[in-house]
Amino acid sequence: MLDVSALPRVSRPLLRDEAYERIRHAIIDGSLAPGTPLRDADLAEQLGLSRAPVRQALLRLAEDGLVASKPQSYTRVAEFVADDVRDAVRLVRALHELAVREALPRLGRAHIAEMRTANERFAVAVAKGDVGAAIEADDELHDVPVRVAGNRAVAVTLGRYTPLLRRLEYARFSSLPAQRSVKRHDELIAALEGGDEATAARITATIWTDLEALLEDT
């Protein structure tokens, strides 16, 4: 007889998280453009969920700055707000610098190899103009020092604010200095491999500062 106690139930928080991830990704990659109305009934039907987890997801996305909402009036994809994105760039830059500094003493050969592999995938994606694959590879590369640093506050905060920057990158991918990013990734990896904390932190800051130039077109 099957011991059903061994099977975890699918909970409402899991459904909420699934709705959150799917809607967030659609906003970030532009499938849901700025200003698009977000009706929980329509989204629930598309996602095959009830309206409750969708409502919870929209509330969370509003906290993230990806959804704009006014009670009894509207809920829609937030427009780009240059000042908000600029603030996010500066915060993300500082946190990545901190992660690099904290991770450096713990980085091993496997971690360096992981970053090199991610940068190779990034370069291929850039050459093909595959924005989704490029951003995914870039995330994987920068996630290595964040993960190795083991600073939960840094990881959680980056998880909240990085999507604002990724949304900008999707929208302005043709303007990205992507080939330069490949080279800077190589320089960052070399600095980390050589144990050069100051250079690694400086290059990290430069990588994220480059994103501010994209704000001129928003």
# chains A, B, ... in the order shown; residues from 1 in each chain; ligands from 1
call {"tool": "residues_around", "arguments": {"residues": "Val54 (chain A)", "least_positions_apart": "2", "cutoff": "10 Å", "atoms": "only C-alpha atoms", "output": "PyMOL selection string"}}
result
chain A and resi 15-20+23+39-45+47+49-52+56-60
call {"tool": "select_by_dssp", "arguments": {"residues": "region 7-185 of chain A", "states": "strand (DSSP E)", "output": "ChimeraX atom specification"}}
result
/A:67-70,74-77
call {"tool": "write_last_selection", "arguments": {"atoms": "all heavy atoms", "output": "tab-separated table (two decimals), in the first residue's frame"}}
result
chain	number	residue	atom	x	y	z
A	67	VAL	N	5.78	45.66	-11.43
A	67	VAL	CA	4.34	45.85	-11.66
A	67	VAL	C	3.91	47.13	-10.96
A	67	VAL	O	4.35	47.42	-9.84
A	67	VAL	CB	3.54	44.64	-11.12
A	67	VAL	CG1	2.05	44.97	-11.02
A	67	VAL	CG2	3.75	43.43	-12.01
A	68	ALA	N	3.06	47.91	-11.64
A	68	ALA	CA	2.47	49.11	-11.04
A	68	ALA	C	1.01	48.83	-10.77
A	68	ALA	O	0.30	48.28	-11.62
A	68	ALA	CB	2.62	50.29	-11.99
A	69	SER	N	0.56	49.18	-9.58
A	69	SER	CA	-0.82	48.85	-9.21
A	69	SER	C	-1.43	49.97	-8.37
A	69	SER	O	-0.77	50.55	-7.52
A	69	SER	CB	-0.84	47.54	-8.42
A	69	SER	OG	-2.15	47.18	-8.06
A	70	LYS	N	-2.72	50.23	-8.64
A	70	LYS	CA	-3.50	51.16	-7.83
A	70	LYS	C	-4.82	50.47	-7.50
A	70	LYS	O	-5.55	50.08	-8.41
A	70	LYS	CB	-3.76	52.46	-8.60
A	70	LYS	CG	-4.53	53.50	-7.80
A	70	LYS	CD	-4.71	54.78	-8.61
A	70	LYS	CE	-5.49	55.82	-7.80
A	70	LYS	NZ	-5.68	57.07	-8.57
A	74	TYR	N	-6.07	49.99	-11.47
A	74	TYR	CA	-5.32	49.29	-12.49
A	74	TYR	C	-4.21	48.44	-11.88
A	74	TYR	O	-3.74	48.69	-10.77
A	74	TYR	CB	-4.71	50.27	-13.50
A	74	TYR	CG	-3.70	51.23	-12.89
A	74	TYR	CD1	-2.39	50.82	-12.61
A	74	TYR	CD2	-4.06	52.53	-12.57
A	74	TYR	CE1	-1.48	51.70	-12.04
A	74	TYR	CE2	-3.15	53.41	-12.00
A	74	TYR	CZ	-1.86	52.99	-11.74
A	74	TYR	OH	-0.96	53.84	-11.16
A	75	THR	N	-3.80	47.44	-12.65
A	75	THR	CA	-2.58	46.68	-12.39
A	75	THR	C	-1.95	46.44	-13.75
A	75	THR	O	-2.61	45.90	-14.65
A	75	THR	CB	-2.88	45.32	-11.70
A	75	THR	OG1	-3.52	45.56	-10.45
A	75	THR	CG2	-1.59	44.55	-11.46
A	76	ARG	N	-0.72	46.87	-13.91
A	76	ARG	CA	-0.09	46.77	-15.22
A	76	ARG	C	1.42	46.63	-15.07
A	76	ARG	O	1.98	46.87	-14.00
A	76	ARG	CB	-0.42	47.99	-16.07
A	76	ARG	CG	0.04	49.32	-15.46
A	76	ARG	CD	-0.59	50.50	-16.18
A	76	ARG	NE	-0.18	51.78	-15.62
A	76	ARG	CZ	-0.97	52.85	-15.56
A	76	ARG	NH1	-2.19	52.81	-16.05
A	76	ARG	NH2	-0.52	53.98	-15.04
A	77	VAL	N	2.06	46.25	-16.16
A	77	VAL	CA	3.52	46.16	-16.16
A	77	VAL	C	4.09	47.56	-15.98
A	77	VAL	O	3.68	48.50	-16.66
A	77	VAL	CB	4.04	45.55	-17.48
A	77	VAL	CG1	5.56	45.52	-17.50
A	77	VAL	CG2	3.48	44.14	-17.68
call {"tool": "closest_residue", "arguments": {"among": "A:Val156, A:Leu66, A:Leu32, A:Leu107", "to": "Glu193 (chain A)", "atoms": "only C-alpha atoms"}}
result
A:Leu107
call {"tool": "residues_around", "arguments": {"residues": "region 111-126 of chain A", "least_positions_apart": "4", "cutoff": "7 Å", "atoms": "only C-alpha atoms", "output": "list of chain:residue names"}}
result
A:Leu107, A:Asp130, A:Val131, A:Ala133, A:Ala134, A:Ala137, A:Asp138, A:Glu140, A:Leu141, A:Val144, A:Ala178, A:Val182, A:His185, A:Ile189, A:Glu193
call {"tool": "write_last_selection", "arguments": {"atoms": "C-alpha atoms", "output": "short mmCIF file (atom, residue, chain, number, x, y, z; two decimals), in the first residue's frame"}}
result
data_model
loop_
_atom_site.label_atom_id
_atom_site.label_comp_id
_atom_site.auth_asym_id
_atom_site.auth_seq_id
_atom_site.Cartn_x
_atom_site.Cartn_y
_atom_site.Cartn_z
CA LEU A 107 37.47 30.24 -4.86
CA ASP A 130 20.65 35.36 -28.50
CA VAL A 131 19.79 37.76 -25.69
CA ALA A 133 21.11 32.78 -23.60
CA ALA A 134 23.57 35.65 -23.12
CA ALA A 137 25.21 32.77 -19.10
CA ASP A 138 26.07 36.16 -17.60
CA GLU A 140 25.68 32.01 -14.16
CA LEU A 141 29.12 33.63 -14.33
CA VAL A 144 29.69 31.88 -8.84
CA ALA A 178 28.65 42.84 -25.24
CA VAL A 182 33.39 39.10 -22.87
CA HIS A 185 34.76 38.74 -17.91
CA ILE A 189 38.40 35.63 -14.05
CA GLU A 193 42.54 33.25 -10.36
#
call {"tool": "closest_residue", "arguments": {"among": "A:Arg24, A:Leu168, A:Val148, A:Ala155", "to": "Gly108 (chain A)", "atoms": "only C-alpha atoms"}}
result
A:Val148
call {"tool": "closest_residue", "arguments": {"among": "A:Ala205, A:Arg147, A:Ala103, A:Tyr170", "to": "Ile135 (chain A)", "atoms": "only C-alpha atoms"}}
result
A:Tyr170
call {"tool": "select_by_dssp", "arguments": {"residues": "chain A", "states": "helix (DSSP H, G or I)", "output": "number ranges by chain"}}
result
A: 4-6, 12-28, 40-47, 51-64, 82-106, 109-128, 131-149, 152-171, 173-175, 178-193, 197-217
call {"tool": "residues_around", "arguments": {"residues": "Arg90 (chain A)", "least_positions_apart": "3", "cutoff": "10 Å", "atoms": "only C-alpha atoms", "output": "ChimeraX atom specification"}}
result
/A:85-87,93-95,205,208-209,211-212
call {"tool": "residues_around", "arguments": {"residues": "Leu188 (chain A)", "least_positions_apart": "2", "cutoff": "7 Å", "atoms": "only C-alpha atoms", "output": "PDB file with N, CA and C atoms, in the first residue's frame"}}
result
ATOM      1  N   ARG A 184      36.006  41.723 -20.510  1.00  0.00           N
ATOM      2  CA  ARG A 184      36.052  42.081 -19.091  1.00  0.00           C
ATOM      3  C   ARG A 184      35.798  40.875 -18.201  1.00  0.00           C
ATOM      4  N   HIS A 185      34.949  39.979 -18.655  1.00  0.00           N
ATOM      5  CA  HIS A 185      34.762  38.736 -17.910  1.00  0.00           C
ATOM      6  C   HIS A 185      36.085  37.973 -17.818  1.00  0.00           C
ATOM      7  N   ASP A 186      36.785  37.899 -18.945  1.00  0.00           N
ATOM      8  CA  ASP A 186      38.094  37.220 -18.955  1.00  0.00           C
ATOM      9  C   ASP A 186      39.055  37.880 -17.966  1.00  0.00           C
ATOM     10  N   ALA A 190      40.693  36.203 -14.628  1.00  0.00           N
ATOM     11  CA  ALA A 190      42.149  36.170 -14.445  1.00  0.00           C
ATOM     12  C   ALA A 190      42.544  36.803 -13.106  1.00  0.00           C
ATOM     13  N   ALA A 191      41.882  37.905 -12.743  1.00  0.00           N
ATOM     14  CA  ALA A 191      42.188  38.562 -11.468  1.00  0.00           C
ATOM     15  C   ALA A 191      41.823  37.668 -10.291  1.00  0.00           C
ATOM     16  N   LEU A 192      40.692  36.999 -10.374  1.00  0.00           N
ATOM     17  CA  LEU A 192      40.273  36.090  -9.312  1.00  0.00           C
ATOM     18  C   LEU A 192      41.223  34.906  -9.211  1.00  0.00           C
ATOM     19  N   ALA A 200      40.016  42.618  -9.198  1.00  0.00           N
ATOM     20  CA  ALA A 200      38.751  41.918  -9.400  1.00  0.00           C
ATOM     21  C   ALA A 200      37.573  42.807  -9.018  1.00  0.00           C
ATOM     22  N   ILE A 203      37.185  45.650 -11.718  1.00  0.00           N
ATOM     23  CA  ILE A 203      36.587  45.168 -12.973  1.00  0.00           C
ATOM     24  C   ILE A 203      35.100  44.884 -12.777  1.00  0.00           C
ATOM     25  N   THR A 204      34.755  44.301 -11.637  1.00  0.00           N
ATOM     26  CA  THR A 204      33.352  44.039 -11.333  1.00  0.00           C
ATOM     27  C   THR A 204      32.546  45.331 -11.354  1.00  0.00           C
TER      28      THR A 204
END
call {"tool": "atom_distance", "arguments": {"atom1": "CA of Gly159 (chain A)", "atom2": "CA of Ser31 (chain A)"}}
result
20.3 Å
call {"tool": "atom_distance", "arguments": {"atom1": "CA of Leu214 (chain A)", "atom2": "CA of Ala62 (chain A)"}}
result
23.1 Å
call {"tool": "atom_distance", "arguments": {"atom1": "CA of Arg160 (chain A)", "atom2": "CA of Ala110 (chain A)"}}
result
27.4 Å
